[in-house]
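> This is the content of data_7.cif (mmCIF, C-alpha atoms):
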data_protein
#
loop_
_atom_site.label_atom_id
_atom_site.label_comp_id
_atom_site.auth_asym_id
_atom_site.auth_seq_id
_atom_site.Cartn_x
_atom_site.Cartn_y
_atom_site.Cartn_z
CA MET A 1149 20.34 -10.46 17.64
CA LYS A 1150 21.58 -13.86 18.71
CA GLU A 1151 25.33 -14.16 19.22
CA ASN A 1152 25.49 -17.21 16.92
CA GLU A 1153 24.60 -14.83 14.07
CA MET A 1154 27.75 -12.78 14.72
CA ILE A 1155 31.49 -13.32 14.39
CA PHE A 1156 33.69 -11.56 16.93
CA GLY A 1157 37.28 -10.38 16.68
CA THR A 1158 39.41 -9.05 13.85
CA ARG A 1159 41.28 -12.25 13.01
CA ALA A 1160 38.10 -14.36 13.08
CA VAL A 1161 36.35 -11.91 10.74
CA ILE A 1162 39.33 -11.85 8.36
CA GLU A 1163 39.34 -15.65 8.19
CA ALA A 1164 35.58 -15.71 7.56
CA ILE A 1165 35.97 -13.28 4.65
CA GLN A 1166 38.87 -15.22 3.17
CA SER A 1167 36.85 -18.44 3.33
CA ASP A 1168 34.06 -16.69 1.36
CA LYS A 1169 31.62 -17.00 4.23
CA GLU A 1170 28.51 -14.93 3.52
CA ILE A 1171 28.50 -11.74 5.61
CA ASP A 1172 25.75 -9.13 5.78
CA LYS A 1173 27.77 -6.28 7.25
CA ILE A 1174 30.70 -5.51 9.54
CA LEU A 1175 30.81 -3.05 12.44
CA VAL A 1176 34.23 -1.61 13.28
CA LYS A 1177 35.04 0.50 16.32
CA ARG A 1178 35.34 4.11 15.18
CA GLU A 1179 38.82 4.77 16.53
CA LEU A 1180 40.28 1.33 15.78
CA GLN A 1181 43.76 1.65 14.24
CA SER A 1182 46.02 -1.40 14.25
CA ASP A 1183 48.02 -3.55 11.86
CA LEU A 1184 45.31 -6.21 12.08
CA SER A 1185 42.55 -3.71 11.27
CA LYS A 1186 44.57 -2.55 8.24
CA GLU A 1187 44.75 -6.20 7.15
CA LEU A 1188 40.97 -6.45 7.55
CA PHE A 1189 40.36 -3.51 5.22
CA GLN A 1190 42.88 -4.91 2.76
CA VAL A 1191 40.95 -8.20 2.66
CA LEU A 1192 37.66 -6.30 2.25
CA ARG A 1193 38.93 -4.42 -0.81
CA GLY A 1194 36.90 -5.33 -3.88
CA ARG A 1195 34.25 -7.18 -1.85
CA ASP A 1196 30.68 -5.93 -1.61
CA ILE A 1197 30.42 -6.10 2.19
CA PRO A 1198 29.05 -2.98 3.94
CA VAL A 1199 31.29 -1.66 6.73
CA GLN A 1200 30.20 0.83 9.40
CA ARG A 1201 32.44 2.73 11.82
CA VAL A 1202 30.56 2.88 15.15
CA PRO A 1203 31.22 3.91 18.77
CA ALA A 1204 32.68 1.22 21.03
CA GLU A 1205 29.53 1.39 23.17
CA ARG A 1206 27.42 0.02 20.33
CA LEU A 1207 29.66 -3.03 20.01
CA ASP A 1208 29.62 -3.53 23.77
CA ARG A 1209 25.82 -3.52 23.76
CA LEU A 1210 25.78 -6.31 21.19
CA THR A 1211 27.98 -8.71 23.13
CA ARG A 1212 30.01 -9.12 26.30
CA LYS A 1213 32.59 -11.19 24.44
CA ASN A 1214 36.01 -9.81 23.50
CA HIS A 1215 35.09 -8.40 20.10
CA GLN A 1216 38.40 -6.48 19.68
CA GLY A 1217 36.46 -3.69 18.00
CA VAL A 1218 35.12 -5.79 15.13
CA ILE A 1219 31.81 -7.67 14.74
CA ALA A 1220 30.56 -9.31 11.54
CA PHE A 1221 26.92 -10.21 11.03
CA VAL A 1222 26.24 -13.57 9.40
CA PRO A 1223 22.93 -14.10 7.54
CA ALA A 1224 20.48 -16.50 9.14
CA ILE A 1225 19.78 -18.09 5.74
CA THR A 1226 21.58 -18.83 2.50
CA TYR A 1227 20.78 -16.23 -0.12
CA HIS A 1228 19.97 -17.22 -3.70
CA ARG A 1229 20.92 -15.66 -7.03
CA LEU A 1230 18.17 -14.14 -9.15
CA GLU A 1231 19.94 -15.40 -12.29
CA ASP A 1232 19.45 -18.95 -10.99
CA ILE A 1233 15.87 -18.56 -9.72
CA VAL A 1234 14.29 -17.21 -12.93
CA PRO A 1235 15.41 -19.99 -15.32
CA PHE A 1236 14.60 -22.60 -12.67
CA VAL A 1237 11.00 -21.32 -12.43
CA TYR A 1238 10.65 -21.30 -16.22
CA GLU A 1239 12.05 -24.84 -16.43
CA GLN A 1240 9.31 -25.98 -14.04
CA GLY A 1241 6.73 -24.73 -16.53
CA LYS A 1242 5.59 -21.94 -14.21
CA SER A 1243 4.94 -18.26 -14.87
CA PRO A 1244 7.44 -16.43 -12.63
CA PHE A 1245 6.17 -14.24 -9.81
CA ILE A 1246 8.89 -12.18 -8.10
CA VAL A 1247 8.64 -9.47 -5.41
CA LEU A 1248 11.35 -6.80 -5.18
CA LEU A 1249 11.78 -4.61 -2.09
CA ASP A 1250 13.43 -1.24 -2.76
CA GLY A 1251 14.91 0.27 0.39
CA ILE A 1252 12.70 -1.37 3.01
CA THR A 1253 14.54 -1.34 6.34
CA ASP A 1254 11.94 -2.41 8.91
CA VAL A 1255 12.49 -6.09 9.69
CA ARG A 1256 8.92 -6.64 10.89
CA ASN A 1257 7.49 -5.29 7.65
CA PHE A 1258 9.94 -7.47 5.77
CA GLY A 1259 8.93 -10.54 7.74
CA ALA A 1260 5.24 -9.83 7.19
CA ILE A 1261 5.79 -9.40 3.44
CA ALA A 1262 7.75 -12.65 3.32
CA ARG A 1263 4.90 -14.46 5.09
CA THR A 1264 2.40 -13.18 2.51
CA CYS A 1265 4.75 -14.10 -0.35
CA GLU A 1266 5.13 -17.65 0.89
CA CYS A 1267 1.37 -18.07 1.35
CA ALA A 1268 0.78 -16.73 -2.17
CA GLY A 1269 3.37 -18.95 -3.82
CA VAL A 1270 5.73 -16.12 -4.82
CA ASP A 1271 8.90 -17.59 -6.34
CA ALA A 1272 11.41 -15.25 -4.65
CA ILE A 1273 11.94 -11.97 -2.84
CA VAL A 1274 14.72 -9.65 -4.04
CA ILE A 1275 16.45 -7.18 -1.70
CA PRO A 1276 19.44 -4.91 -2.34
CA ALA A 1277 22.78 -5.65 -0.69
CA LYS A 1278 23.00 -2.12 0.76
CA GLY A 1279 20.44 0.14 2.41
CA SER A 1280 18.00 -2.65 3.12
CA VAL A 1281 16.82 -5.18 5.63
CA THR A 1282 18.61 -8.48 5.96
CA VAL A 1283 17.27 -11.81 7.12
CA ASN A 1284 17.77 -11.97 10.88
CA ALA A 1285 16.02 -13.72 13.75
CA ASP A 1286 13.36 -11.00 14.12
CA ALA A 1287 12.50 -11.14 10.42
CA ILE A 1288 12.26 -14.93 10.50
CA LYS A 1289 10.02 -14.83 13.56
CA THR A 1290 7.70 -12.23 12.00
CA SER A 1291 7.55 -14.28 8.81
CA ALA A 1292 6.32 -17.30 10.84
CA GLY A 1293 9.24 -19.26 9.40
CA ALA A 1294 8.48 -18.36 5.78
CA LEU A 1295 12.02 -17.04 5.30
CA HIS A 1296 13.34 -20.55 5.90
CA VAL A 1297 11.56 -21.80 2.77
CA LEU A 1298 11.04 -18.76 0.52
CA PRO A 1299 14.08 -17.97 -1.66
CA VAL A 1300 15.59 -14.56 -0.93
CA CYS A 1301 17.93 -12.98 -3.48
CA LYS A 1302 20.33 -10.35 -2.21
CA GLU A 1303 21.43 -8.41 -5.26
CA LYS A 1304 24.01 -5.63 -5.67
CA ASN A 1305 21.66 -3.36 -7.56
CA ILE A 1306 17.85 -3.39 -7.79
CA ASN A 1307 17.99 -1.39 -11.03
CA GLN A 1308 20.10 -4.10 -12.66
CA SER A 1309 17.73 -6.74 -11.28
CA ILE A 1310 14.78 -4.98 -12.91
CA ARG A 1311 16.63 -4.90 -16.24
CA PHE A 1312 17.48 -8.61 -15.92
CA LEU A 1313 13.85 -9.48 -15.20
CA LYS A 1314 12.63 -7.48 -18.20
CA GLU A 1315 15.20 -9.16 -20.44
CA SER A 1316 13.89 -12.49 -19.11
CA GLY A 1317 10.37 -11.74 -20.31
CA ILE A 1318 9.02 -10.66 -16.94
CA LYS A 1319 6.80 -7.58 -16.64
CA VAL A 1320 7.91 -5.31 -13.79
CA VAL A 1321 5.19 -3.32 -12.00
CA ALA A 1322 5.92 -0.71 -9.34
CA ALA A 1323 3.43 0.43 -6.71
CA THR A 1324 3.53 4.15 -5.97
CA GLU A 1325 1.03 6.81 -4.99
CA LYS A 1326 2.45 8.92 -7.86
CA ALA A 1327 0.85 6.62 -10.43
CA VAL A 1328 -2.25 7.34 -12.50
CA ASP A 1329 -3.46 3.77 -13.08
CA ASN A 1330 -5.13 1.81 -10.29
CA TYR A 1331 -3.46 -1.49 -9.41
CA THR A 1332 -6.41 -3.49 -10.77
CA ALA A 1333 -6.26 -1.82 -14.20
CA ILE A 1334 -3.44 -3.87 -15.70
CA PRO A 1335 -3.11 -7.62 -16.38
CA TYR A 1336 -0.88 -9.78 -14.17
CA ASP A 1337 -1.62 -13.13 -15.82
CA VAL A 1338 1.89 -13.11 -17.33
CA PRO A 1339 5.36 -13.52 -15.83
CA VAL A 1340 5.43 -10.60 -13.40
CA ALA A 1341 7.52 -8.88 -10.75
CA ILE A 1342 6.08 -6.45 -8.21
CA ILE A 1343 8.37 -3.78 -6.75
CA MET A 1344 7.51 -2.13 -3.43
CA GLY A 1345 9.36 0.84 -1.94
CA ALA A 1346 10.11 2.10 1.55
CA GLU A 1347 7.25 3.87 3.35
CA ASP A 1348 9.10 7.20 3.55
CA THR A 1349 10.69 7.42 0.09
CA GLY A 1350 8.87 4.82 -2.02
CA VAL A 1351 10.40 3.19 -5.08
CA SER A 1352 13.41 5.21 -6.27
CA PRO A 1353 12.90 7.42 -9.34
CA ASP A 1354 15.64 5.57 -11.25
CA ASN A 1355 13.81 2.30 -10.72
CA LEU A 1356 10.38 3.75 -11.51
CA ARG A 1357 11.64 5.00 -14.86
CA ILE A 1358 12.46 1.54 -16.17
CA CYS A 1359 9.40 -0.36 -14.87
CA ASP A 1360 6.84 -1.53 -17.41
CA ASN A 1361 3.95 -0.14 -15.36
CA ILE A 1362 3.48 1.99 -12.28
CA VAL A 1363 0.22 1.64 -10.36
CA LYS A 1364 -1.41 2.98 -7.23
CA ILE A 1365 -3.67 1.56 -4.56
CA PRO A 1366 -6.53 4.07 -4.17
CA GLN A 1367 -6.89 5.71 -0.76
CA PHE A 1368 -9.73 7.79 0.59
CA GLY A 1369 -8.64 8.64 4.12
CA THR A 1370 -6.36 11.32 5.52
CA ILE A 1371 -3.26 9.22 6.26
CA GLY A 1372 -0.64 9.57 3.54
CA SER A 1373 0.06 5.93 2.78
CA LEU A 1374 -0.62 2.32 3.66
CA ASN A 1375 1.80 0.26 5.68
CA VAL A 1376 4.14 -1.32 3.12
CA SER A 1377 3.40 -4.88 4.25
CA VAL A 1378 -0.33 -4.25 3.83
CA ALA A 1379 0.19 -2.63 0.43
CA SER A 1380 2.37 -5.56 -0.63
CA SER A 1381 -0.35 -8.02 0.37
CA ILE A 1382 -2.93 -6.13 -1.71
CA MET A 1383 -0.65 -6.15 -4.77
CA ILE A 1384 0.36 -9.80 -4.36
CA TYR A 1385 -3.18 -11.05 -4.03
CA GLU A 1386 -4.38 -9.06 -7.04
CA VAL A 1387 -1.85 -11.08 -9.05
CA ILE A 1388 -3.23 -14.28 -7.52
CA ARG A 1389 -6.84 -13.20 -8.12
CA GLN A 1390 -6.23 -12.56 -11.81
CA ARG A 1391 -4.27 -15.76 -12.27
CA ILE A 1392 -7.05 -17.81 -10.68
CA ILE A 1393 -9.62 -16.19 -12.97
CA GLU A 1394 -7.44 -16.96 -16.00
CA GLY A 1395 -7.21 -20.57 -14.86
#
Just give me the structure of the file as structure tokens.

Amino acid sequence: MKENEMIFGTRAVIEAIQSDKEIDKILVKRELQSDLSKELFQVLRGRDIPVQRVPAERLDRLTRKNHQGVIAFVPAITYHRLEDIVPFVYEQGKSPFIVLLDGITDVRNFGAIARTCECAGVDAIVIPAKGSVTVNADAIKTSAGALHVLPVCKEKNINQSIRFLKESGIKVVAATEKAVDNYTAIPYDVPVAIIMGAEDTGVSPDNLRICDNIVKIPQFGTIGSLNVSVASSIMIYEVIRQRIIEG
């Protein structure tokens, strides 16, 4: 990670938080105990910023600068709000097409999915604030720059995002090998959101339960599942295929 995507030092991080600067996460030295660190945690109270206690060696590997036991990671882009994106798309006279990523942590997969989304004209990608990838230099590079132009919404809760999309007239379809219906068996020529899960755990059961449809991509080999970026591309371009046919 480039050092210009990080903020070093307890006081600098406190000031960034107080100025409402967007922060992806904060690493704090495991044994750090000081008045200033207590002030940091006081400022963090009530804010949805992930904090990890880590060994000092991990911080030292990230930078040679005097980090004082605290490093904050600053997103490489400005995140959007899903509540703003959906009405904006409708106002343009378009049929919304959203992709949600549930628990995907591999930045290269994320970048590849973003590249496909941008090429396909997807309106936004939604990721959760915790337990997920963030937009960093590696993701941007893998996306071939798509993440500079494709809106990314970082939401507190994917389950709530699904509910919001459904209330907004958008059909939510999850891809999972547990499904009965093949991915080509349902119509996508309506406002639609596709939700893809992590390769190891898939879409969470709580999220699957509230989706309008769950579908599978048929497989005939011996490997358990497709790479998630490949599976995402298949799902995304089925939406495009049907929309082209429908004119």
> As a check of understanding, name the residues that the PyMOL selection byres ((chain A and resi 1350-1367) around 7) selects in the supplied structure, as a PDB file with C-alpha atoms, in the frame of the given file.

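See selection.pdb below for the written result:
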ATOM      1  CA  ASP A1250      13.430  -1.240  -2.760  1.00  0.00           C
ATOM      2  CA  ASN A1307      17.990  -1.390 -11.030  1.00  0.00           C
ATOM      3  CA  LYS A1319       6.800  -7.580 -16.640  1.00  0.00           C
ATOM      4  CA  VAL A1320       7.910  -5.310 -13.790  1.00  0.00           C
ATOM      5  CA  VAL A1321       5.190  -3.320 -12.000  1.00  0.00           C
ATOM      6  CA  ALA A1322       5.920  -0.710  -9.340  1.00  0.00           C
ATOM      7  CA  ALA A1323       3.430   0.430  -6.710  1.00  0.00           C
ATOM      8  CA  THR A1324       3.530   4.150  -5.970  1.00  0.00           C
ATOM      9  CA  GLU A1325       1.030   6.810  -4.990  1.00  0.00           C
ATOM     10  CA  ALA A1327       0.850   6.620 -10.430  1.00  0.00           C
ATOM     11  CA  VAL A1328      -2.250   7.340 -12.500  1.00  0.00           C
ATOM     12  CA  ASP A1329      -3.460   3.770 -13.080  1.00  0.00           C
ATOM     13  CA  ASN A1330      -5.130   1.810 -10.290  1.00  0.00           C
ATOM     14  CA  TYR A1331      -3.460  -1.490  -9.410  1.00  0.00           C
ATOM     15  CA  MET A1344       7.510  -2.130  -3.430  1.00  0.00           C
ATOM     16  CA  GLY A1345       9.360   0.840  -1.940  1.00  0.00           C
ATOM     17  CA  ALA A1346      10.110   2.100   1.550  1.00  0.00           C
ATOM     18  CA  GLU A1347       7.250   3.870   3.350  1.00  0.00           C
ATOM     19  CA  ASP A1348       9.100   7.200   3.550  1.00  0.00           C
ATOM     20  CA  THR A1349      10.690   7.420   0.090  1.00  0.00           C
ATOM     21  CA  PHE A1368      -9.730   7.790   0.590  1.00  0.00           C
ATOM     22  CA  GLY A1369      -8.640   8.640   4.120  1.00  0.00           C
TER      23      GLY A1369
END
> From the list A:Ser1381, A:Val1191, A:Gly1259, A:Phe1245, which residue is nearest Ser1167 (chain A) when using all atoms listed in the file?
A:Val1191
> How would you write, as an mmCIF file with C-alpha atoms, in the coordinates of the input, the residues chosen by the PyMOL selection byres ((chain A and resi 1207) around 10) on this structure?

data_model
loop_
_atom_site.group_PDB
_atom_site.id
_atom_site.type_symbol
_atom_site.label_atom_id
_atom_site.label_comp_id
_atom_site.auth_asym_id
_atom_site.auth_seq_id
_atom_site.Cartn_x
_atom_site.Cartn_y
_atom_site.Cartn_z
ATOM 1 C CA PHE A 1156 33.690 -11.560 16.930
ATOM 2 C CA LEU A 1175 30.810 -3.050 12.440
ATOM 3 C CA VAL A 1176 34.230 -1.610 13.280
ATOM 4 C CA LYS A 1177 35.040 0.500 16.320
ATOM 5 C CA VAL A 1202 30.560 2.880 15.150
ATOM 6 C CA PRO A 1203 31.220 3.910 18.770
ATOM 7 C CA ALA A 1204 32.680 1.220 21.030
ATOM 8 C CA GLU A 1205 29.530 1.390 23.170
ATOM 9 C CA ARG A 1206 27.420 0.020 20.330
ATOM 10 C CA ASP A 1208 29.620 -3.530 23.770
ATOM 11 C CA ARG A 1209 25.820 -3.520 23.760
ATOM 12 C CA LEU A 1210 25.780 -6.310 21.190
ATOM 13 C CA THR A 1211 27.980 -8.710 23.130
ATOM 14 C CA ARG A 1212 30.010 -9.120 26.300
ATOM 15 C CA LYS A 1213 32.590 -11.190 24.440
ATOM 16 C CA ASN A 1214 36.010 -9.810 23.500
ATOM 17 C CA HIS A 1215 35.090 -8.400 20.100
ATOM 18 C CA GLN A 1216 38.400 -6.480 19.680
ATOM 19 C CA GLY A 1217 36.460 -3.690 18.000
ATOM 20 C CA VAL A 1218 35.120 -5.790 15.130
ATOM 21 C CA ILE A 1219 31.810 -7.670 14.740
#
> May I ask which of the residues A:Arg1193, A:Ala1294, A:Asp1168, A:Ala1220 is the closest one to Gly1269 (chain A), counting all atoms listed in the file?
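Counting all atoms listed in the file, the residue closest to Gly1269 (chain A) is A:Ala1294.
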> What's the separation between CA of Asp1337 (chain A) and CA of Met1383 (chain A), in Å to one decimal place?
13.1 Å
> Give me the residues near Glu1266 (chain A) as a PDB file with C-alpha atoms, in the coordinates of the input, where near means some atom within 9 Å (using all atoms listed in the file) and where sequence neighbours in that chain fewer than 2 positions away do not count.

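To be explicit, this is the file written out as part.pdb:
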ATOM      1  CA  ILE A1261       5.790  -9.400   3.440  1.00  0.00           C
ATOM      2  CA  ALA A1262       7.750 -12.650   3.320  1.00  0.00           C
ATOM      3  CA  ARG A1263       4.900 -14.460   5.090  1.00  0.00           C
ATOM      4  CA  THR A1264       2.400 -13.180   2.510  1.00  0.00           C
ATOM      5  CA  ALA A1268       0.780 -16.730  -2.170  1.00  0.00           C
ATOM      6  CA  GLY A1269       3.370 -18.950  -3.820  1.00  0.00           C
ATOM      7  CA  VAL A1270       5.730 -16.120  -4.820  1.00  0.00           C
ATOM      8  CA  ASP A1271       8.900 -17.590  -6.340  1.00  0.00           C
ATOM      9  CA  ALA A1272      11.410 -15.250  -4.650  1.00  0.00           C
ATOM     10  CA  SER A1291       7.550 -14.280   8.810  1.00  0.00           C
ATOM     11  CA  ALA A1294       8.480 -18.360   5.780  1.00  0.00           C
ATOM     12  CA  LEU A1295      12.020 -17.040   5.300  1.00  0.00           C
ATOM     13  CA  VAL A1297      11.560 -21.800   2.770  1.00  0.00           C
ATOM     14  CA  LEU A1298      11.040 -18.760   0.520  1.00  0.00           C
TER      15      LEU A1298
END
> Around (-2.2, -11.6, -18.7) in the file's frame, which residues reach within 8 Å when counting all atoms listed in the file? Return as a PyMOL selection string?
chain A and resi 1335-1338+1391+1394
> Can I get the selection written as a short mmCIF file (atom, residue, chain, number, x, y, z; two decimals), in the coordinates of the input, with C-alpha atoms?

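The new file out-v5.cif reads:
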data_model
loop_
_atom_site.label_atom_id
_atom_site.label_comp_id
_atom_site.auth_asym_id
_atom_site.auth_seq_id
_atom_site.Cartn_x
_atom_site.Cartn_y
_atom_site.Cartn_z
CA PRO A 1335 -3.11 -7.62 -16.38
CA TYR A 1336 -0.88 -9.78 -14.17
CA ASP A 1337 -1.62 -13.13 -15.82
CA VAL A 1338 1.89 -13.11 -17.33
CA ARG A 1391 -4.27 -15.76 -12.27
CA GLU A 1394 -7.44 -16.96 -16.00
#
> Run the PyMOL selection byres ((chain A and resi 1279) around 9) mentally over the shown coordinates, then write out the matched residues as a list of chain:residue names, using the chain letters and numbers from the document.
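That expression, the PyMOL selection byres ((chain A and resi 1279) around 9), corresponds here to A:Asp1250, A:Gly1251, A:Ile1252, A:Thr1253, A:Pro1276, A:Ala1277, A:Lys1278, A:Ser1280, A:Val1281.
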> Smallest atom-to-atom distance to Glu1153 (chain A): which of A:Ile1343, A:Val1222, A:Ile1165, A:Leu1180, using all atoms listed in the file?
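Smallest separation from Glu1153 (chain A) among the options: A:Val1222.
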> Could you check the closest approach to Arg1229 (chain A) for each of A:Ala1164, A:Ile1371, A:Val1283, A:Val1300 and tell me which residue wins, using all atoms listed in the file?
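Counting all atoms listed in the file, the residue closest to Arg1229 (chain A) is A:Val1300.
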